[in-house]
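> Next up, data-v5.tsv (TSV, C-alpha atoms and all ligand atoms).
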chain	number	residue	atom	x	y	z
U	1	MET	CA	91.61	95.20	48.35
U	2	ALA	CA	94.29	97.50	49.75
U	3	ARG	CA	96.04	99.67	47.18
U	4	LYS	CA	99.77	98.92	46.85
U	5	ILE	CA	102.01	101.94	47.39
U	6	ILE	CA	105.71	102.73	47.53
U	7	ILE	CA	106.53	105.78	49.65
U	8	ASP	CA	109.53	107.80	48.45
U	9	THR	CA	110.47	110.22	51.21
U	10	ASP	CA	112.99	112.49	52.97
U	11	PRO	CA	111.71	112.39	56.57
U	12	GLY	CA	111.19	115.20	57.72
U	13	GLN	CA	108.45	115.63	60.36
U	14	ASP	CA	105.65	116.00	57.82
U	15	ASP	CA	106.97	113.02	55.87
U	16	ALA	CA	106.95	111.05	59.13
U	17	VAL	CA	103.30	111.95	59.74
U	18	ALA	CA	102.47	110.89	56.18
U	19	MET	CA	104.22	107.55	56.72
U	20	LEU	CA	102.33	107.02	59.99
U	21	LEU	CA	99.03	107.83	58.31
U	22	ALA	CA	99.73	105.21	55.63
U	23	LEU	CA	101.02	102.61	58.08
U	24	ALA	CA	97.93	103.11	60.25
U	25	SER	CA	95.70	102.24	57.29
U	26	PRO	CA	96.56	98.66	56.20
U	27	GLN	CA	92.99	97.92	55.12
U	28	ASP	CA	93.28	100.71	52.51
U	29	LEU	CA	96.99	100.90	51.75
U	30	ASP	CA	99.52	98.10	51.37
U	31	VAL	CA	102.90	99.81	51.86
U	32	VAL	CA	105.19	97.51	49.89
U	33	GLY	CA	108.30	99.54	50.68
U	34	ILE	CA	109.69	102.87	51.76
U	35	VAL	CA	112.57	104.51	49.88
U	36	ALA	CA	114.61	107.36	51.30
U	37	VAL	CA	115.94	110.17	49.14
U	38	ALA	CA	118.22	113.11	49.89
U	39	GLY	CA	116.22	116.27	50.61
U	40	ASN	CA	115.33	117.79	53.95
U	41	VAL	CA	118.67	116.44	55.20
U	42	GLY	CA	121.25	114.09	53.71
U	43	LEU	CA	120.37	110.57	52.58
U	44	GLU	CA	121.90	108.76	55.54
U	45	ARG	CA	119.86	110.68	58.10
U	46	ASN	CA	116.69	110.50	56.04
U	47	ALA	CA	117.08	106.71	55.78
U	48	LEU	CA	117.71	106.42	59.53
U	49	ASN	CA	114.64	108.57	60.21
U	50	ALA	CA	112.54	106.36	57.94
U	51	LEU	CA	113.58	103.31	60.00
U	52	LYS	CA	112.72	105.13	63.24
U	53	VAL	CA	109.27	106.05	61.96
U	54	VAL	CA	108.55	102.49	60.80
U	55	GLU	CA	109.49	101.23	64.27
U	56	LEU	CA	107.33	103.90	65.89
U	57	SER	CA	104.38	102.61	63.87
U	58	GLY	CA	104.92	99.07	65.14
U	59	ARG	CA	104.89	97.80	61.50
U	60	LYS	CA	108.25	96.05	61.50
U	61	ASP	CA	107.39	94.13	58.32
U	62	ILE	CA	107.92	97.14	56.05
U	63	PRO	CA	111.22	97.15	54.08
U	64	VAL	CA	113.14	100.43	53.96
U	65	PHE	CA	115.64	101.25	51.20
U	66	ALA	CA	118.13	104.04	50.58
U	67	GLY	CA	117.97	105.72	47.17
U	68	CYS	CA	119.95	108.60	45.68
U	69	ALA	CA	122.26	110.75	47.79
U	70	ARG	CA	122.04	113.86	45.63
U	71	PRO	CA	119.93	115.47	42.90
U	72	MET	CA	120.52	114.53	39.27
U	73	ARG	CA	122.49	117.59	38.19
U	74	ARG	CA	122.96	119.87	41.17
U	75	PRO	CA	124.46	119.95	44.62
U	76	LEU	CA	122.01	119.01	47.36
U	77	ILE	CA	120.13	121.83	49.10
U	78	THR	CA	118.79	120.86	52.54
U	79	ALA	CA	116.32	122.33	55.05
U	80	GLU	CA	117.79	121.94	58.54
U	81	HIS	CA	116.47	125.43	59.22
U	82	VAL	CA	112.95	123.92	59.20
U	83	HIS	CA	113.41	120.32	60.31
U	84	GLY	CA	116.40	120.58	62.68
U	85	GLU	CA	119.86	119.09	62.26
U	86	THR	CA	118.60	115.48	62.44
U	87	GLY	CA	115.78	116.19	59.96
U	88	LEU	CA	113.37	114.86	62.57
U	89	ASN	CA	113.92	117.04	65.62
U	90	GLY	CA	111.19	117.03	68.25
U	91	PRO	CA	110.55	113.61	69.76
U	92	ASP	CA	113.37	111.54	71.20
U	93	LEU	CA	112.93	108.41	69.08
U	94	PRO	CA	115.11	105.39	69.94
U	95	ALA	CA	117.87	104.23	67.61
U	96	PRO	CA	116.15	101.72	65.29
U	97	LYS	CA	116.74	98.00	65.51
U	98	LEU	CA	115.48	97.56	61.95
U	99	LEU	CA	118.11	97.60	59.22
U	100	LEU	CA	118.05	99.07	55.74
U	101	GLU	CA	117.60	96.64	52.87
U	102	ARG	CA	120.75	96.11	50.82
U	103	GLN	CA	119.12	96.73	47.43
U	104	HIS	CA	119.36	100.30	46.07
U	105	GLY	CA	116.03	102.13	46.37
U	106	VAL	CA	115.90	102.94	42.65
U	107	ASP	CA	116.30	99.25	41.78
U	108	PHE	CA	113.60	98.34	44.28
U	109	ILE	CA	111.18	100.75	42.58
U	110	ILE	CA	112.05	99.34	39.14
U	111	ASN	CA	111.87	95.69	40.19
U	112	ARG	CA	108.53	96.00	41.96
U	113	LEU	CA	107.00	97.81	38.99
U	114	LEU	CA	108.29	95.15	36.58
U	115	GLN	CA	107.32	92.24	38.77
U	116	ASP	CA	103.83	93.24	39.96
U	117	GLU	CA	100.72	93.46	37.76
U	118	PRO	CA	100.86	96.55	35.50
U	119	GLY	CA	98.83	99.37	37.03
U	120	SER	CA	98.91	97.90	40.54
U	121	ILE	CA	101.55	100.09	42.23
U	122	THR	CA	101.12	103.76	43.13
U	123	LEU	CA	104.21	105.86	43.85
U	124	CYS	CA	103.82	108.38	46.67
U	125	ALA	CA	106.52	111.04	46.42
U	126	LEU	CA	107.09	113.15	49.53
U	127	GLY	CA	110.51	114.62	48.70
U	128	PRO	CA	112.63	115.63	45.71
U	129	LEU	CA	111.79	113.42	42.72
U	130	THR	CA	115.33	112.12	42.17
U	131	ASN	CA	114.69	108.41	42.84
U	132	ILE	CA	111.59	108.26	40.69
U	133	ALA	CA	113.23	110.12	37.80
U	134	MET	CA	116.30	107.89	38.00
U	135	ALA	CA	114.07	104.80	37.94
U	136	LEU	CA	112.30	106.16	34.85
U	137	ILE	CA	115.63	106.84	33.15
U	138	LYS	CA	117.15	103.48	34.04
U	139	GLU	CA	114.06	101.48	32.98
U	140	PRO	CA	111.72	103.62	30.83
U	141	SER	CA	109.23	100.75	30.44
U	142	ILE	CA	108.08	101.24	34.04
U	143	ALA	CA	106.22	104.44	33.08
U	144	GLY	CA	103.40	102.44	31.52
U	145	ARG	CA	103.14	100.16	34.58
U	146	ILE	CA	102.71	102.85	37.26
U	147	ALA	CA	99.12	103.11	38.53
U	148	GLU	CA	99.64	106.74	39.57
U	149	ILE	CA	102.30	109.07	40.90
U	150	VAL	CA	100.85	111.11	43.76
U	151	LEU	CA	103.34	113.77	44.77
U	152	MET	CA	103.64	116.63	47.19
U	153	GLY	CA	105.40	119.39	45.35
U	154	GLY	CA	105.11	122.60	43.43
U	155	ALA	CA	102.64	125.44	43.68
U	156	TYR	CA	100.85	127.77	41.36
U	157	PHE	CA	98.70	130.27	43.22
U	158	GLU	CA	100.89	130.14	46.36
U	159	VAL	CA	104.04	130.26	44.19
U	160	GLY	CA	107.00	129.33	46.41
U	161	ASN	CA	108.36	128.53	49.86
U	162	ILE	CA	112.11	127.97	49.42
U	163	THR	CA	112.42	130.80	46.88
U	164	PRO	CA	109.76	133.36	45.94
U	165	ALA	CA	109.05	131.20	42.86
U	166	ALA	CA	109.64	127.58	43.88
U	167	GLU	CA	108.50	124.93	46.32
U	168	PHE	CA	111.28	122.97	48.10
U	169	ASN	CA	110.82	119.45	46.66
U	170	ILE	CA	110.78	120.68	43.08
U	171	TYR	CA	113.52	123.29	43.64
U	172	VAL	CA	115.98	120.72	45.01
U	173	ASP	CA	115.84	118.61	41.84
U	174	PRO	CA	114.00	120.42	39.02
U	175	GLU	CA	115.49	118.15	36.35
U	176	ALA	CA	114.02	115.14	38.14
U	177	ALA	CA	110.65	116.89	38.35
U	178	ASP	CA	110.86	117.54	34.62
U	179	VAL	CA	111.47	113.85	33.88
U	180	VAL	CA	108.52	112.85	36.07
U	181	LEU	CA	106.12	115.43	34.65
U	182	ARG	CA	106.90	114.25	31.11
U	183	CYS	CA	106.82	110.49	31.81
U	184	GLY	CA	103.24	109.86	30.71
U	185	ALA	CA	102.07	108.08	33.86
U	186	PRO	CA	98.96	109.45	35.62
U	187	ILE	CA	100.12	112.16	38.07
U	188	THR	CA	98.29	113.87	40.92
U	189	MET	CA	99.98	116.88	42.51
U	190	LEU	CA	99.42	118.19	46.03
U	191	PRO	CA	101.01	121.65	45.78
U	192	LEU	CA	101.42	124.41	48.37
U	193	ASP	CA	98.00	125.63	47.24
U	194	VAL	CA	96.57	122.63	49.08
U	195	THR	CA	99.03	122.30	51.95
U	196	HIS	CA	98.84	125.96	53.00
U	197	GLY	CA	95.14	125.35	53.60
U	198	VAL	CA	95.55	122.47	56.06
U	199	GLN	CA	97.16	124.20	59.00
U	200	SER	CA	98.15	122.47	62.22
U	201	THR	CA	96.41	124.89	64.56
U	202	PRO	CA	96.86	124.44	68.35
U	203	ASP	CA	93.46	122.72	68.77
U	204	ARG	CA	94.26	120.23	65.99
U	205	LEU	CA	97.67	119.42	67.48
U	206	GLU	CA	96.12	119.09	70.93
U	207	ALA	CA	93.56	116.58	69.61
U	208	ILE	CA	96.46	114.47	68.32
U	209	ARG	CA	98.39	114.70	71.59
U	210	ALA	CA	95.23	113.85	73.54
U	211	LEU	CA	95.00	110.48	71.75
U	212	GLY	CA	97.38	109.38	74.49
U	213	ASN	CA	99.27	106.82	72.36
U	214	ARG	CA	102.98	106.85	71.51
U	215	ALA	CA	102.39	107.84	67.89
U	216	GLY	CA	100.09	110.74	68.83
U	217	GLN	CA	102.62	112.08	71.33
U	218	ALA	CA	105.47	111.76	68.78
U	219	VAL	CA	103.46	113.53	66.06
U	220	PHE	CA	102.60	116.32	68.50
U	221	GLU	CA	106.28	116.75	69.37
U	222	MET	CA	107.40	116.58	65.73
U	223	LEU	CA	104.94	119.16	64.47
U	224	SER	CA	105.45	121.43	67.50
U	225	PHE	CA	109.11	121.56	66.49
U	226	SER	CA	108.77	122.01	62.72
U	227	GLU	CA	105.91	124.51	62.87
U	228	ASP	CA	108.10	127.07	64.61
U	229	PHE	CA	109.81	128.20	61.42
U	230	ASP	CA	106.55	128.51	59.46
U	231	LEU	CA	104.60	130.25	62.22
U	232	LYS	CA	107.25	132.97	62.32
U	233	LYS	CA	107.47	133.13	58.54
U	234	TYR	CA	103.76	133.35	57.73
U	235	GLY	CA	102.31	134.74	60.96
U	236	TRP	CA	99.43	132.23	60.78
U	237	SER	CA	97.89	130.43	63.75
U	238	GLY	CA	98.95	127.04	62.37
U	239	ALA	CA	101.70	125.78	60.08
U	240	PRO	CA	101.03	124.19	56.68
U	241	LEU	CA	101.07	120.40	56.78
U	242	HIS	CA	102.46	119.15	53.48
U	243	ASP	CA	103.22	115.47	52.91
U	244	PRO	CA	100.30	113.81	54.75
U	245	THR	CA	97.99	115.30	52.10
U	246	VAL	CA	99.38	112.71	49.63
U	247	ILE	CA	98.23	109.82	51.80
U	248	ALA	CA	94.98	111.54	52.77
U	249	TYR	CA	94.23	111.94	49.05
U	250	LEU	CA	94.61	108.18	48.56
U	251	LEU	CA	92.41	107.44	51.56
U	252	GLN	CA	89.70	110.02	50.90
U	253	PRO	CA	90.04	111.75	47.51
U	254	GLY	CA	86.74	113.56	48.07
U	255	LEU	CA	88.50	115.82	50.58
U	256	PHE	CA	90.33	117.51	47.68
U	257	ASP	CA	89.39	119.69	44.75
U	258	GLY	CA	91.24	120.63	41.59
U	259	ARG	CA	91.39	119.99	37.87
U	260	ARG	CA	93.39	118.31	35.16
U	261	CYS	CA	95.79	120.63	33.37
U	262	ASN	CA	99.26	120.95	31.90
U	263	VAL	CA	102.12	121.47	34.36
U	264	GLU	CA	105.72	122.18	33.42
U	265	VAL	CA	108.77	123.01	35.51
U	266	GLU	CA	111.35	125.72	34.98
U	267	THR	CA	114.86	124.26	34.89
U	268	GLY	CA	116.78	127.07	33.21
U	269	SER	CA	116.24	130.47	34.79
U	270	GLU	CA	118.20	131.26	37.95
U	271	LEU	CA	115.37	133.53	39.10
U	272	THR	CA	112.51	131.07	38.80
U	273	ARG	CA	114.29	127.69	38.89
U	274	GLY	CA	111.97	124.96	40.16
U	275	MET	CA	108.81	126.97	39.52
U	276	THR	CA	105.85	124.80	38.48
U	277	VAL	CA	103.83	126.52	35.79
U	278	ALA	CA	100.29	125.14	35.84
U	279	ASP	CA	98.00	125.98	32.96
U	280	TYR	CA	95.10	126.02	35.41
U	281	TRP	CA	92.92	128.19	33.15
U	282	HIS	CA	93.68	126.11	30.03
U	283	VAL	CA	95.08	129.02	28.06
U	284	THR	CA	97.74	127.08	26.11
U	285	GLY	CA	95.98	124.06	24.67
U	286	LYS	CA	98.89	121.93	25.92
U	287	PRO	CA	97.76	118.43	26.93
U	288	ALA	CA	96.87	117.84	30.58
U	289	ASN	CA	99.58	115.75	32.24
U	290	VAL	CA	98.57	116.32	35.87
U	291	GLN	CA	95.56	116.31	38.14
U	292	PHE	CA	96.45	119.56	39.91
U	293	LEU	CA	94.73	119.84	43.28
U	294	ARG	CA	94.06	123.29	44.63
U	295	SER	CA	92.17	123.03	47.89
U	296	ALA	CA	91.23	120.63	50.68
U	297	ASP	CA	88.55	120.21	53.31
U	298	ALA	CA	90.83	121.00	56.27
U	299	PRO	CA	88.50	119.87	59.10
U	300	GLY	CA	87.83	116.63	57.22
U	301	PHE	CA	91.55	116.12	56.67
U	302	TYR	CA	92.37	116.52	60.39
U	303	THR	CA	89.48	114.25	61.40
U	304	LEU	CA	90.87	111.55	59.11
U	305	LEU	CA	94.46	112.04	60.30
U	306	THR	CA	93.58	112.03	63.99
U	307	GLU	CA	91.32	109.00	63.74
U	308	ARG	CA	93.92	106.98	61.82
U	309	LEU	CA	96.74	107.94	64.21
U	310	SER	CA	94.57	106.66	67.08
U	311	ARG	CA	94.93	103.15	65.60
U	312	LEU	CA	98.71	103.10	66.16
U	313	PRO	CA	100.54	102.01	69.31
U	401	LIG	C1	108.09	119.96	51.25
U	401	LIG	O1	109.43	120.29	51.61
U	401	LIG	C2	109.84	119.53	52.71
U	401	LIG	O2	110.59	120.31	53.59
U	401	LIG	C3	108.60	118.94	53.32
U	401	LIG	O3	108.90	117.69	53.90
U	401	LIG	C4	107.66	118.82	52.15
U	401	LIG	O4	107.86	117.60	51.47
U	401	LIG	C5	107.24	121.20	51.39
U	401	LIG	O5	107.70	122.22	50.55
U	402	CA	CA	109.14	115.78	52.41
Would you write out, as structure tokens, the structure that this file holds?
Ligand code: BDR
Ligand code: CA

Amino acid sequence: MARKIIIDTDPGQDDAVAMLLALASPQDLDVVGIVAVAGNVGLERNALNALKVVELSGRKDIPVFAGCARPMRRPLITAEHVHGETGLNGPDLPAPKLLLERQHGVDFIINRLLQDEPGSITLCALGPLTNIAMALIKEPSIAGRIAEIVLMGGAYFEVGNITPAAEFNIYVDPEAADVVLRCGAPITMLPLDVTHGVQSTPDRLEAIRALGNRAGQAVFEMLSFSEDFDLKKYGWSGAPLHDPTVIAYLLQPGLFDGRRCNVEVETGSELTRGMTVADYWHVTGKPANVQFLRSADAPGFYTLLTERLSRLP
């Protein structure tokens, strides 16, 4: 039976690819809803982008919700310098005909978790953790009903991308990350340590473009746009691909390697705010709250991604 997931996202080209990977895989993943959060750009644009991506996938049955417009305790920091002013620069996607649901995204998350069988819904977090933390604060009993929270965020060995110490999703709302990391639900983290290893090299992007379908062309155009910033920054032959690793993990966990350990987030220090401190070598004796993944089989990941994208219109 397909695993039920809610995707919480700030699309974002890599978020869009993650959504397409999930929506191309209905036999494995039942996407019960998509919730936008403020992050890469403001909430309104992220929600609009989510609708565009759902339409691109041809899966018009998927409800899209808007969640929180800013982090819990801080002004929003955005990343137009990576994703462009729309958050999804690259392809020229048509204005969506689909409409946002009226219910607030945080209430949707709470209601689905309360209404469905305990342990049947997995939360996939591809942006700042604001919506999920707010849901946990508003209705703490949901923590025990979450099957798993699989999130792209943080770093340990690769340290940071938005500051020398912090990864973007965690940096934008460290207090939300703290709530999530302490909630007690099973958590799997896909940090920069994984995503820096799955680079969208020219041959991998070309294989996606060569699929010849609308989705493949759009993904090629999205990633060709967003990789520009990273290629200049790192000087690598391909850019890291972040958020699709969350969905790939659900589809093929054997592609990833890591271990269970304690992970905490820095919320105080100005210098290291948003840093995720992973006790990877088990030096503290603190209880493991996270399955912290560290590496991926990059060729296997791109084979999976490309094959699944070929199933879309
Ligand atoms: C994360 O930040 C965002 O810009 C990407 O969409 C990804 O979720 C990577 O640090
Ligand atoms: Ca994202």
> Let me see if you get this right: every residue at most 12 Å from ligand CA 402 (chain U), counting all atoms listed in the file, written as number ranges by chain.
U: 7-19, 36-41, 46, 49-50, 78-79, 82-83, 87-88, 124-129, 151-154, 167-170, 172, 190, 241-246
> Tell me, as number ranges by chain, which residues lie within 7 Å of Phe220 of chain U, counting all atoms listed in the file; anything in the same chain fewer than 6 positions away does not count.
U: 205, 208-209
> Could those selected residues go to a file with C-alpha atoms, as a compact mmCIF listing (two decimals), in the coordinates of the input?

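Now in result_18.txt:
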# COMPACT_ATOMS: atom_id res chain seq x y z
CA LEU U 205 97.67 119.42 67.48
CA ILE U 208 96.46 114.47 68.32
CA ARG U 209 98.39 114.70 71.59
> Have a look at U:Cys261, U:Arg112, U:His81, U:Ala218 and name the one nearest to Asp230 of chain U; count all atoms listed in the file.
U:His81
> Compare U:Gly274, U:Gly254, U:Pro174, U:Gly160 by their minimum atom-to-atom distance to His196 of chain U, counting all atoms listed in the file, and give me the closest one.
U:Gly160
> Take atom CA of Pro118 of chain U and atom CA of Val32 of chain U and report the distance between them in Å, one decimal.
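Between atom CA of Pro118 of chain U and atom CA of Val32 of chain U the gap works out to 15.1 Å.
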> Mind checking which residues fall within 10 Å of segment 156-158 of chain U, counting all atoms listed in the file, ignoring those fewer than 5 positions away in the same chain, and posting them as a ChimeraX atom specification?
/U:164-167,191-196,263,275-280,292,294
> Keeping C-alpha atoms for every residue in the selection just given, could you write it to a file as an mmCIF file, keeping the file's coordinate frame?

data_model
loop_
_atom_site.group_PDB
_atom_site.id
_atom_site.type_symbol
_atom_site.label_atom_id
_atom_site.label_comp_id
_atom_site.auth_asym_id
_atom_site.auth_seq_id
_atom_site.Cartn_x
_atom_site.Cartn_y
_atom_site.Cartn_z
ATOM 1 C CA PRO U 164 109.760 133.360 45.940
ATOM 2 C CA ALA U 165 109.050 131.200 42.860
ATOM 3 C CA ALA U 166 109.640 127.580 43.880
ATOM 4 C CA GLU U 167 108.500 124.930 46.320
ATOM 5 C CA PRO U 191 101.010 121.650 45.780
ATOM 6 C CA LEU U 192 101.420 124.410 48.370
ATOM 7 C CA ASP U 193 98.000 125.630 47.240
ATOM 8 C CA VAL U 194 96.570 122.630 49.080
ATOM 9 C CA THR U 195 99.030 122.300 51.950
ATOM 10 C CA HIS U 196 98.840 125.960 53.000
ATOM 11 C CA VAL U 263 102.120 121.470 34.360
ATOM 12 C CA MET U 275 108.810 126.970 39.520
ATOM 13 C CA THR U 276 105.850 124.800 38.480
ATOM 14 C CA VAL U 277 103.830 126.520 35.790
ATOM 15 C CA ALA U 278 100.290 125.140 35.840
ATOM 16 C CA ASP U 279 98.000 125.980 32.960
ATOM 17 C CA TYR U 280 95.100 126.020 35.410
ATOM 18 C CA PHE U 292 96.450 119.560 39.910
ATOM 19 C CA ARG U 294 94.060 123.290 44.630
#
> Just give me the gap between atom CA of Ser269 of chain U and atom CA of Leu136 of chain U in Å, one decimal is fine.
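Separating atom CA of Ser269 of chain U from atom CA of Leu136 of chain U is a distance of 24.6 Å.
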> Using atom CA of Gly238 of chain U and atom CA of Tyr302 of chain U as the two end points, give the distance in Å to one decimal.
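About the pair atom CA of Gly238 of chain U and atom CA of Tyr302 of chain U: they are 12.6 Å apart.
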> Taking all atoms listed in the file into account, produce a table as a tab-separated table in which each residue of segment 203-235 of chain U with an atom at most 12 Å from an atom of segment 92-102 of chain U appears once, together with its shortest atom pair and the distance in Å to one decimal, ordered by chain and rising number.

residue	atom	partner	partner_atom	distance
U:Arg214	CA	U:Leu93	CA	10.4
U:Ala215	CA	U:Leu93	CA	10.6
U:Gln217	CA	U:Asp92	CA	10.8
U:Ala218	CA	U:Leu93	CA	8.2
U:Val219	CA	U:Leu93	CA	11.2
U:Glu221	CA	U:Asp92	CA	9.0
U:Met222	CA	U:Asp92	CA	9.5
U:Phe225	CA	U:Asp92	CA	11.9
> Nearest to Pro253 of chain U among U:Phe301, U:Tyr234, U:Phe229, U:Trp281, with distances taken over all atoms listed in the file: which residue is it?
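Using all atoms listed in the file, the shortest distance to Pro253 of chain U belongs to U:Phe301.
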> At a cut-off of 9 Å around the point (102.8, 113.4, 33.9) (file coordinates), what residues fall inside when counting all atoms listed in the file? I'd like the answer as a PyMOL selection string.
chain U and resi 149+179-188+262-263+288-291
> Take the residues from that selection and put them in a file with C-alpha atoms, as a short mmCIF file (atom, residue, chain, number, x, y, z; two decimals), in the coordinates of the input.

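So again_11.cif came out as:
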data_model
loop_
_atom_site.label_atom_id
_atom_site.label_comp_id
_atom_site.auth_asym_id
_atom_site.auth_seq_id
_atom_site.Cartn_x
_atom_site.Cartn_y
_atom_site.Cartn_z
CA ILE U 149 102.30 109.07 40.90
CA VAL U 179 111.47 113.85 33.88
CA VAL U 180 108.52 112.85 36.07
CA LEU U 181 106.12 115.43 34.65
CA ARG U 182 106.90 114.25 31.11
CA CYS U 183 106.82 110.49 31.81
CA GLY U 184 103.24 109.86 30.71
CA ALA U 185 102.07 108.08 33.86
CA PRO U 186 98.96 109.45 35.62
CA ILE U 187 100.12 112.16 38.07
CA THR U 188 98.29 113.87 40.92
CA ASN U 262 99.26 120.95 31.90
CA VAL U 263 102.12 121.47 34.36
CA ALA U 288 96.87 117.84 30.58
CA ASN U 289 99.58 115.75 32.24
CA VAL U 290 98.57 116.32 35.87
CA GLN U 291 95.56 116.31 38.14
#
> May I ask which of the residues U:Glu85, U:Glu206, U:Glu139, U:Glu266 is the closest one to Ile110 of chain U, counting all atoms listed in the file?
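Nearest to Ile110 of chain U: U:Glu139.
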> So that I can see what lies close to Arg70 of chain U, please list as a list in words the residues with an atom at most 9 Å from it, counting all atoms listed in the file and leaving out residues fewer than 3 positions away in the same chain.
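Answer for this query is Val37, Ala38, Gly39, Gly42, Leu43, Arg73, Arg74, Pro75, Leu76, Ile77, Thr130 and Asp173 of chain U.
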> Would you put the residues from that selection into a file with C-alpha atoms, as a PDB file, in the frame of the given file?

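Output file part26.pdb is given in full below:
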ATOM      1  CA  VAL U  37     115.940 110.170  49.140  1.00  0.00           C
ATOM      2  CA  ALA U  38     118.220 113.110  49.890  1.00  0.00           C
ATOM      3  CA  GLY U  39     116.220 116.270  50.610  1.00  0.00           C
ATOM      4  CA  GLY U  42     121.250 114.090  53.710  1.00  0.00           C
ATOM      5  CA  LEU U  43     120.370 110.570  52.580  1.00  0.00           C
ATOM      6  CA  ARG U  73     122.490 117.590  38.190  1.00  0.00           C
ATOM      7  CA  ARG U  74     122.960 119.870  41.170  1.00  0.00           C
ATOM      8  CA  PRO U  75     124.460 119.950  44.620  1.00  0.00           C
ATOM      9  CA  LEU U  76     122.010 119.010  47.360  1.00  0.00           C
ATOM     10  CA  ILE U  77     120.130 121.830  49.100  1.00  0.00           C
ATOM     11  CA  THR U 130     115.330 112.120  42.170  1.00  0.00           C
ATOM     12  CA  ASP U 173     115.840 118.610  41.840  1.00  0.00           C
TER      13      ASP U 173
END
> For Gly212 of chain U, list every protein, DNA or RNA residue within 10 Å, evaluated using all atoms listed in the file, and leave out those in the same chain fewer than 5 positions away; present the list as a VMD selection string.
chain U and resid 207 217 310 313
> Rank U:Ala133, U:Ile142, U:Ala147, U:Met189 by their smallest atom-to-atom distance to ligand LIG 401 (chain U), using only C-alpha atoms and all ligand atoms, and report the top residue only.
U:Met189
> When you look at Arg311 of chain U with a cut-off of 10 Å (counting all atoms listed in the file), what residues show up, excluding the ones that are within fewer than 2 positions of it in the same chain? I need them as a PyMOL selection string.
chain U and resi 21+23-25+57+211+213+215-216+306-309+313
> Between U:Val150, U:Trp236, U:Thr272, U:Ser226, which is the closest to Gly90 of chain U once you count only C-alpha atoms?
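Comparing U:Val150, U:Trp236, U:Thr272, U:Ser226 against Gly90 of chain U, the winner is U:Ser226.
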> For segment 180-184 of chain U, supply all heavy atoms and report the output as a PDB file, keeping the file's coordinate frame.

ATOM      1  N   VAL U 180     109.761 113.445  35.552  1.00  0.00           N
ATOM      2  CA  VAL U 180     108.520 112.850  36.070  1.00  0.00           C
ATOM      3  C   VAL U 180     107.308 113.462  35.373  1.00  0.00           C
ATOM      4  O   VAL U 180     106.408 112.748  34.925  1.00  0.00           O
ATOM      5  CB  VAL U 180     108.449 113.010  37.607  1.00  0.00           C
ATOM      6  CG1 VAL U 180     107.069 112.623  38.129  1.00  0.00           C
ATOM      7  CG2 VAL U 180     109.531 112.150  38.277  1.00  0.00           C
ATOM      8  N   LEU U 181     107.292 114.776  35.247  1.00  0.00           N
ATOM      9  CA  LEU U 181     106.120 115.430  34.650  1.00  0.00           C
ATOM     10  C   LEU U 181     105.918 115.045  33.184  1.00  0.00           C
ATOM     11  O   LEU U 181     104.813 115.102  32.663  1.00  0.00           O
ATOM     12  CB  LEU U 181     106.228 116.957  34.779  1.00  0.00           C
ATOM     13  CG  LEU U 181     106.012 117.505  36.197  1.00  0.00           C
ATOM     14  CD1 LEU U 181     106.381 118.985  36.279  1.00  0.00           C
ATOM     15  CD2 LEU U 181     104.565 117.306  36.653  1.00  0.00           C
ATOM     16  N   ARG U 182     107.004 114.637  32.533  1.00  0.00           N
ATOM     17  CA  ARG U 182     106.900 114.250  31.110  1.00  0.00           C
ATOM     18  C   ARG U 182     106.773 112.747  30.897  1.00  0.00           C
ATOM     19  O   ARG U 182     106.768 112.296  29.750  1.00  0.00           O
ATOM     20  CB  ARG U 182     108.154 114.735  30.355  1.00  0.00           C
ATOM     21  CG  ARG U 182     108.280 116.232  30.256  1.00  0.00           C
ATOM     22  CD  ARG U 182     109.584 116.604  29.551  1.00  0.00           C
ATOM     23  NE  ARG U 182     109.882 118.019  29.699  1.00  0.00           N
ATOM     24  CZ  ARG U 182     109.318 118.984  28.971  1.00  0.00           C
ATOM     25  NH1 ARG U 182     108.476 118.665  28.024  1.00  0.00           N
ATOM     26  NH2 ARG U 182     109.620 120.256  29.181  1.00  0.00           N
ATOM     27  N   CYS U 183     106.679 111.952  31.981  1.00  0.00           N
ATOM     28  CA  CYS U 183     106.820 110.490  31.810  1.00  0.00           C
ATOM     29  C   CYS U 183     105.579 109.811  31.235  1.00  0.00           C
ATOM     30  O   CYS U 183     105.646 108.670  30.790  1.00  0.00           O
ATOM     31  CB  CYS U 183     107.236 109.838  33.124  1.00  0.00           C
ATOM     32  SG  CYS U 183     105.882 109.583  34.302  1.00  0.00           S
ATOM     33  N   GLY U 184     104.435 110.464  31.303  1.00  0.00           N
ATOM     34  CA  GLY U 184     103.240 109.860  30.710  1.00  0.00           C
ATOM     35  C   GLY U 184     102.385 109.069  31.678  1.00  0.00           C
ATOM     36  O   GLY U 184     101.259 108.697  31.346  1.00  0.00           O
TER      37      GLY U 184
END
